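Everything below concerns the one structure shown next.
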Amino acid sequence: MRTILYLIRKEFLQIFRDKFIGRAIFAVPIVQMLLLVPAVTFEIKNVKLCVIDRDISVESRALINQLEGSTFFKIKYSTFSEKEAENLLHRNKCDLILQIPSGFSKNIGTGNPVKVLASINAINATNAQLSWAYLNGILRDYNMNILLENAGDLAVSSIPQISFSNRYWYNEMLNYKFYMLPGILGILVTAIGFLLAGLNLVKEKEVGTIEQINVTPVRKYQFIIAKMVPFLIIGLADLALGLLIGKLFFNIPFEGSIGLLFLASAIFLVAVLGLAIFLSTFSSTQQQFMFVAFFFLIIFILMGGIFTPVDSMPMWAQKFDLVNPMAYLMRINRMVMLKGSTFQDISRDIYSLIIIAVGFTAFAVRMYRKTA
Amino acid sequence: MKNTVISVKNLVKKFGSFTANDNLNFEVYEGEIFGFLGANGAGKTTALRILSGLSSPTSGEVIVAGFNAKKEPEKIKKNIGYMCQKFSLYNDLTTRENIMLYGGIYGMRKASIKERTEDLLEKLNFREYGDRMIADLPLGMKQKLAFSVAVFHEPKIVFLDEPTGGVDPITRRQFWEMIYETADRGITIFVTTHYMDEAEYCDRISIMSEGRIVALNTPEELKKQYDAGSVEEVFVRIARPPFPPSRSAGFHAGGQNRAETKPPSGGWGPGIGEGVLE
């Protein structure tokens, strides 16, 4: 135990003696939070519309006005040339072309089927579907208005229909920041710990100082624990900093127990630090480690469910996420922060994380060689 | 009867098909200064690393401080000090912090570390450097410090791998005074060197060539045996230079069958293992 304390002291001295790293450890999370949380959003606003109105009637005008009235659409162009509209779509000047055929108003009057054509840029499928859904909603409203005008209030109210009333739970305002912030907190804690801890050990190999350590009777587990503990503490400090920023700048709700969040993050950190050390036992240069670490980070983050829900991933990906510590952390962070989940609610995830953490660390200790 | 602290029997170390140590046999006695000589690439560092538990022998029996190097390297490590050829204290820690760290790792008590640190700084005339970053110290001081740290915990044996490489003659002399003093305390010194004048200071020396020990005796006896005026002469006569006149011969090739034991790279360096074959 005493040996570990001597080693931990040495690590802290070294980390903070490097002025750049010492500052970056706290500056990076602040900047990350302030930049990423507002920037990474799925909210769609200002979809650029190009309208081809061949009808030029009161009715077509009314439809266009209704589109313009929503914050979702912005009518950027109005043309009569299909070619020009396509050209605009091609050059990303607009996202959606709406064609109102001539005879639009006449058909409404006669009760013939009325059609409008929407051509949507679907490179981003989610955006396209959302645009379509919004457009649909607006058309539905428009239909309703026509119905009202033609039939009068009495007739409409006698048409049986189901109306919805809905409430969004856990994030009532559908604030994407609330969804992203817990995820970004997870990434930030990972990046600091994972990269710094791994590089730290590989650097000792490169410089040669590890030789002097390996020739001492220090136990492998002592050396590795001493490498992990400082970054565990730094990671948790960064988490506290991130939460503070979330509260101050984004007013993020915190429904659950802060202690529980820190407990889960600590276990998570042990897992990623264990993996980082494990990988660094294979690497003989910092370059090698960075390359492999980047690969793992990307996989963990993208498959961890920060941007896309794990539930909608293919089965094999969901299976992989059983050993992806990030997937657990994302779920836990969001549940605890937004839903106010308790230990009972997330106990399965916590236990799984513990198993992963112990596993990775045990691998690291096993693979570390004091005698070549 | 002298106490044997290192006993090496039929030590062989292979890296792939290349034999770095080819059947070494020797003993080192308690309290002596044992010089380990050889040209670059003769296999000195490989042997030294095996003796200190950093590398595992391919075959043979190696007993250091009563423990088997293959089976119980960690127990050996408790009883030895080691000074690497490449300076390997922490450059970004101060002198005191480095001493404190290694004292702590070897399980010394904090109070005793502190007390002995002050004594040491006093003795080395290092007082003003105690809180300086090691990176800022001149090479000679670094080497003296590395040696002091290697023996700080009073090991039974200390291994020094070219401790005076690149050091000025005055510091070299002071360094050897430190070695003598340490040997007087009963600590066995196992030292590799390229400086033949230093070899003369040793109680016994062995000379390695191409992975084998080709001579082992006191400096006086060796000089007599080879009818030479100095150890240097003996060395030049028996230790093959690392760069043979013809490149194709391969300087690592051991013994008579050069062609068969050529190093796999066939180049000018060890090119295999960990680059520590020296």
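Labeling convention for the structure tokens: chains A, B, ... as they appear, residues from 1 per chain, ligands from 1 in order of appearance.
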Check: which chain A residues lie within 7 Å of chain B using only C-alpha atoms, as JSON, numbers by chain
{"A": [3, 6, 7, 14, 208, 209, 212, 214, 215, 216, 217, 218, 370, 371, 372]}
Counting only C-alpha atoms, what is within 10 Å of region 158-174 of chain B, bar same-chain residues fewer than 4 positions away, as a VMD selection string?
chain B and resid 33 to 37 44 to 45 48 to 49 51 to 52 79 to 87 124 138 to 144 146 to 147 150 to 151 154 178 to 180 182 to 183 187 to 195 198 278
Any chance you could export the current selection's N, CA and C atoms as a compact mmCIF listing (two decimals), in the first residue's frame?
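Final output, saved to out-v5.txt:
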```txt
# COMPACT_ATOMS: atom_id res chain seq x y z
N ILE B 33 34.73 -6.39 -6.72
CA ILE B 33 34.36 -5.57 -7.87
C ILE B 33 34.65 -6.40 -9.10
N PHE B 34 33.59 -6.80 -9.77
CA PHE B 34 33.72 -7.70 -10.90
C PHE B 34 33.51 -6.93 -12.19
N GLY B 35 34.56 -6.84 -13.00
CA GLY B 35 34.46 -6.09 -14.25
C GLY B 35 34.02 -7.01 -15.38
N PHE B 36 33.06 -6.53 -16.14
CA PHE B 36 32.49 -7.33 -17.22
C PHE B 36 32.83 -6.60 -18.51
N LEU B 37 33.85 -7.09 -19.23
CA LEU B 37 34.34 -6.38 -20.39
C LEU B 37 33.93 -7.07 -21.68
N LYS B 44 27.20 -8.31 -23.30
CA LYS B 44 27.31 -7.93 -21.88
C LYS B 44 25.98 -7.51 -21.29
N THR B 45 25.31 -6.60 -21.97
CA THR B 45 24.06 -6.08 -21.40
C THR B 45 23.01 -7.18 -21.31
N LEU B 48 23.77 -9.03 -18.26
CA LEU B 48 23.48 -8.19 -17.10
C LEU B 48 21.98 -8.13 -16.82
N ARG B 49 21.21 -8.04 -17.89
CA ARG B 49 19.75 -7.97 -17.72
C ARG B 49 19.19 -9.29 -17.19
N LEU B 51 20.91 -11.35 -15.22
CA LEU B 51 21.31 -11.42 -13.82
C LEU B 51 20.42 -10.55 -12.93
N SER B 52 19.91 -9.45 -13.49
CA SER B 52 19.09 -8.58 -12.64
C SER B 52 17.60 -8.88 -12.77
N ASN B 79 16.99 -7.75 -3.85
CA ASN B 79 18.32 -7.78 -3.26
C ASN B 79 19.40 -7.09 -4.08
N ILE B 80 18.98 -6.48 -5.18
CA ILE B 80 20.00 -5.86 -6.03
C ILE B 80 19.69 -4.39 -6.30
N GLY B 81 20.71 -3.71 -6.77
CA GLY B 81 20.52 -2.37 -7.31
C GLY B 81 20.95 -2.44 -8.77
N TYR B 82 20.47 -1.50 -9.57
CA TYR B 82 20.74 -1.60 -11.00
C TYR B 82 20.86 -0.21 -11.59
N MET B 83 21.90 -0.01 -12.33
CA MET B 83 22.06 1.27 -13.00
C MET B 83 22.15 1.01 -14.49
N CYS B 84 21.14 1.54 -15.16
CA CYS B 84 20.98 1.29 -16.59
C CYS B 84 22.04 2.04 -17.40
N GLN B 85 22.35 1.49 -18.57
CA GLN B 85 23.28 2.16 -19.48
C GLN B 85 22.71 3.52 -19.90
N LYS B 86 21.39 3.50 -20.15
CA LYS B 86 20.70 4.74 -20.52
C LYS B 86 20.17 5.36 -19.24
N PHE B 87 20.41 6.63 -19.05
CA PHE B 87 19.97 7.27 -17.81
C PHE B 87 18.47 7.10 -17.64
N LEU B 124 27.72 14.14 -1.55
CA LEU B 124 27.97 14.36 -2.98
C LEU B 124 28.17 15.83 -3.30
N PRO B 138 24.08 18.34 -14.92
CA PRO B 138 25.06 17.88 -15.90
C PRO B 138 25.21 16.36 -15.85
N LEU B 139 25.66 15.78 -16.96
CA LEU B 139 25.70 14.32 -17.10
C LEU B 139 26.44 13.63 -15.95
N GLY B 140 27.61 14.18 -15.60
CA GLY B 140 28.41 13.55 -14.55
C GLY B 140 27.62 13.43 -13.26
N MET B 141 26.92 14.48 -12.93
CA MET B 141 26.11 14.47 -11.70
C MET B 141 24.98 13.47 -11.80
N LYS B 142 24.36 13.43 -12.98
CA LYS B 142 23.27 12.48 -13.20
C LYS B 142 23.77 11.06 -12.91
N GLN B 143 24.96 10.76 -13.45
CA GLN B 143 25.48 9.40 -13.30
C GLN B 143 25.77 9.08 -11.84
N LYS B 144 26.36 10.06 -11.14
CA LYS B 144 26.65 9.84 -9.72
C LYS B 144 25.35 9.61 -8.96
N ALA B 146 22.48 8.51 -10.22
CA ALA B 146 21.89 7.22 -10.59
C ALA B 146 22.55 6.10 -9.79
N PHE B 147 23.87 6.18 -9.64
CA PHE B 147 24.56 5.17 -8.86
C PHE B 147 24.11 5.22 -7.40
N ALA B 150 20.88 3.66 -7.00
CA ALA B 150 20.94 2.20 -7.17
C ALA B 150 21.40 1.51 -5.88
N VAL B 151 22.19 2.19 -5.06
CA VAL B 151 22.67 1.55 -3.83
C VAL B 151 22.02 2.14 -2.58
N GLU B 154 20.75 -0.14 0.09
CA GLU B 154 21.75 -1.11 0.57
C GLU B 154 21.51 -2.51 0.04
N MET B 178 33.50 6.37 -5.45
CA MET B 178 32.21 5.97 -4.89
C MET B 178 32.05 4.45 -4.96
N ILE B 179 32.49 3.87 -6.08
CA ILE B 179 32.37 2.42 -6.23
C ILE B 179 33.19 1.70 -5.15
N TYR B 180 34.41 2.18 -4.94
CA TYR B 180 35.28 1.56 -3.92
C TYR B 180 34.64 1.63 -2.54
N THR B 182 31.57 1.89 -1.84
CA THR B 182 30.41 0.99 -1.76
C THR B 182 30.86 -0.45 -1.57
N ALA B 183 31.91 -0.83 -2.28
CA ALA B 183 32.42 -2.20 -2.15
C ALA B 183 32.93 -2.43 -0.73
N ILE B 187 29.04 -4.34 -0.40
CA ILE B 187 28.15 -4.51 -1.54
C ILE B 187 28.97 -4.99 -2.74
N THR B 188 28.51 -6.06 -3.36
CA THR B 188 29.21 -6.59 -4.52
C THR B 188 28.94 -5.71 -5.73
N ILE B 189 30.00 -5.42 -6.49
CA ILE B 189 29.84 -4.55 -7.65
C ILE B 189 30.05 -5.36 -8.92
N PHE B 190 29.06 -5.30 -9.79
CA PHE B 190 29.16 -5.98 -11.08
C PHE B 190 29.09 -4.88 -12.13
N VAL B 191 30.21 -4.62 -12.81
CA VAL B 191 30.25 -3.43 -13.65
C VAL B 191 30.73 -3.76 -15.07
N THR B 192 30.04 -3.21 -16.06
CA THR B 192 30.53 -3.33 -17.43
C THR B 192 31.18 -2.01 -17.81
N THR B 193 32.20 -2.09 -18.61
CA THR B 193 32.87 -0.86 -19.01
C THR B 193 33.64 -1.03 -20.32
N HIS B 194 33.91 0.10 -20.93
CA HIS B 194 34.75 0.11 -22.12
C HIS B 194 36.10 0.71 -21.82
N TYR B 195 36.20 1.31 -20.65
CA TYR B 195 37.46 1.99 -20.30
C TYR B 195 38.42 1.01 -19.66
N GLU B 198 39.71 1.60 -16.18
CA GLU B 198 38.76 1.21 -15.14
C GLU B 198 38.85 -0.28 -14.86
N GLU B 278 23.33 -4.38 -26.71
CA GLU B 278 24.40 -3.39 -26.48
C GLU B 278 25.56 -3.56 -27.44
```
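Every protein or nucleic acid residue with an atom no more than 6 Å from region 328-339 of chain A, counting only C-alpha atoms and leaving out same-chain residues fewer than 2 positions away, appears here: Tyr170, Pro182, Gly183, Phe254, Glu255, Gly256, Pro325, Met326, Ser341 and Asp349 of chain A.
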Store the residues picked out above in a file with N, CA and C atoms, as a short mmCIF file (atom, residue, chain, number, x, y, z; two decimals), in the first residue's frame.
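This is the output file out_10.cif:
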```
data_model
loop_
_atom_site.label_atom_id
_atom_site.label_comp_id
_atom_site.auth_asym_id
_atom_site.auth_seq_id
_atom_site.Cartn_x
_atom_site.Cartn_y
_atom_site.Cartn_z
N TYR A 170 -39.68 13.27 -19.26
CA TYR A 170 -38.23 13.32 -18.95
C TYR A 170 -37.51 14.47 -19.64
N PRO A 182 -25.44 14.71 -21.22
CA PRO A 182 -24.93 13.56 -20.46
C PRO A 182 -24.00 12.69 -21.29
N GLY A 183 -24.27 12.61 -22.58
CA GLY A 183 -23.42 11.82 -23.46
C GLY A 183 -22.06 12.45 -23.62
N PHE A 254 -31.15 17.94 -13.14
CA PHE A 254 -30.47 16.79 -12.53
C PHE A 254 -31.44 16.15 -11.57
N GLU A 255 -32.11 15.10 -12.07
CA GLU A 255 -33.19 14.50 -11.30
C GLU A 255 -32.69 13.49 -10.28
N GLY A 256 -31.60 12.78 -10.63
CA GLY A 256 -31.18 11.66 -9.79
C GLY A 256 -30.13 12.05 -8.77
N PRO A 325 -18.02 -0.33 -22.52
CA PRO A 325 -18.35 0.40 -21.30
C PRO A 325 -19.10 1.70 -21.59
N MET A 326 -18.82 2.29 -22.76
CA MET A 326 -19.46 3.55 -23.11
C MET A 326 -20.98 3.39 -23.21
N SER A 341 -33.29 8.06 -12.23
CA SER A 341 -33.27 6.64 -11.89
C SER A 341 -32.44 6.40 -10.64
N ASP A 349 -26.82 -2.55 -15.05
CA ASP A 349 -25.76 -1.86 -15.80
C ASP A 349 -24.52 -1.67 -14.93
#
```
Apply DSSP to the structure's backbone, then extract all residues of region 165-250 of chain B labelled alpha helix (DSSP H) and return them as a ChimeraX atom specification.
/B:169-184,196-201,219-225,231-238
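Take the candidates B:Phe235, B:Thr95, B:Phe175, B:Ile207 and check each one against Met133 (chain B) using only C-alpha atoms; the shortest distance goes to B:Thr95.
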Write out as a PyMOL selection string all residues of region 93-282 of chain A that backbone DSSP assigns to strand (DSSP E or B).
chain A and resi 96-100+117-120
Output of the above residues as a PDB file, in the first residue's frame, restricted to N, CA and C atoms:
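Output file again.pdb is given in full below:
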```
ATOM      1  N   LEU A  96     -35.576  21.118 -50.338  1.00  0.00           N
ATOM      2  CA  LEU A  96     -36.864  20.526 -50.690  1.00  0.00           C
ATOM      3  C   LEU A  96     -37.521  21.353 -51.795  1.00  0.00           C
ATOM      4  N   ILE A  97     -38.021  20.665 -52.830  1.00  0.00           N
ATOM      5  CA  ILE A  97     -38.755  21.362 -53.891  1.00  0.00           C
ATOM      6  C   ILE A  97     -40.224  20.989 -53.756  1.00  0.00           C
ATOM      7  N   LEU A  98     -41.048  21.991 -53.661  1.00  0.00           N
ATOM      8  CA  LEU A  98     -42.477  21.731 -53.580  1.00  0.00           C
ATOM      9  C   LEU A  98     -43.150  22.240 -54.847  1.00  0.00           C
ATOM     10  N   GLN A  99     -43.802  21.310 -55.568  1.00  0.00           N
ATOM     11  CA  GLN A  99     -44.469  21.701 -56.812  1.00  0.00           C
ATOM     12  C   GLN A  99     -45.977  21.694 -56.622  1.00  0.00           C
ATOM     13  N   ILE A 100     -46.583  22.842 -56.889  1.00  0.00           N
ATOM     14  CA  ILE A 100     -48.040  22.933 -56.845  1.00  0.00           C
ATOM     15  C   ILE A 100     -48.510  22.994 -58.301  1.00  0.00           C
ATOM     16  N   LEU A 117     -46.345  17.848 -55.295  1.00  0.00           N
ATOM     17  CA  LEU A 117     -45.184  16.965 -55.348  1.00  0.00           C
ATOM     18  C   LEU A 117     -44.030  17.575 -54.549  1.00  0.00           C
ATOM     19  N   ALA A 118     -43.478  16.765 -53.658  1.00  0.00           N
ATOM     20  CA  ALA A 118     -42.318  17.241 -52.898  1.00  0.00           C
ATOM     21  C   ALA A 118     -41.102  16.404 -53.274  1.00  0.00           C
ATOM     22  N   SER A 119     -40.022  17.059 -53.642  1.00  0.00           N
ATOM     23  CA  SER A 119     -38.767  16.348 -53.907  1.00  0.00           C
ATOM     24  C   SER A 119     -37.782  16.758 -52.816  1.00  0.00           C
ATOM     25  N   ILE A 120     -37.301  15.756 -52.100  1.00  0.00           N
ATOM     26  CA  ILE A 120     -36.497  16.063 -50.910  1.00  0.00           C
ATOM     27  C   ILE A 120     -35.072  15.530 -51.071  1.00  0.00           C
TER      28      ILE A 120
END
```
Applying 12 Å and only C-alpha atoms, which residues near Glu30 (chain B) remain after dropping the ones on its own chain fewer than 4 positions away? List them as a PyMOL selection string.
chain B and resi 1-7+34+64-66+155-158+183-190+203
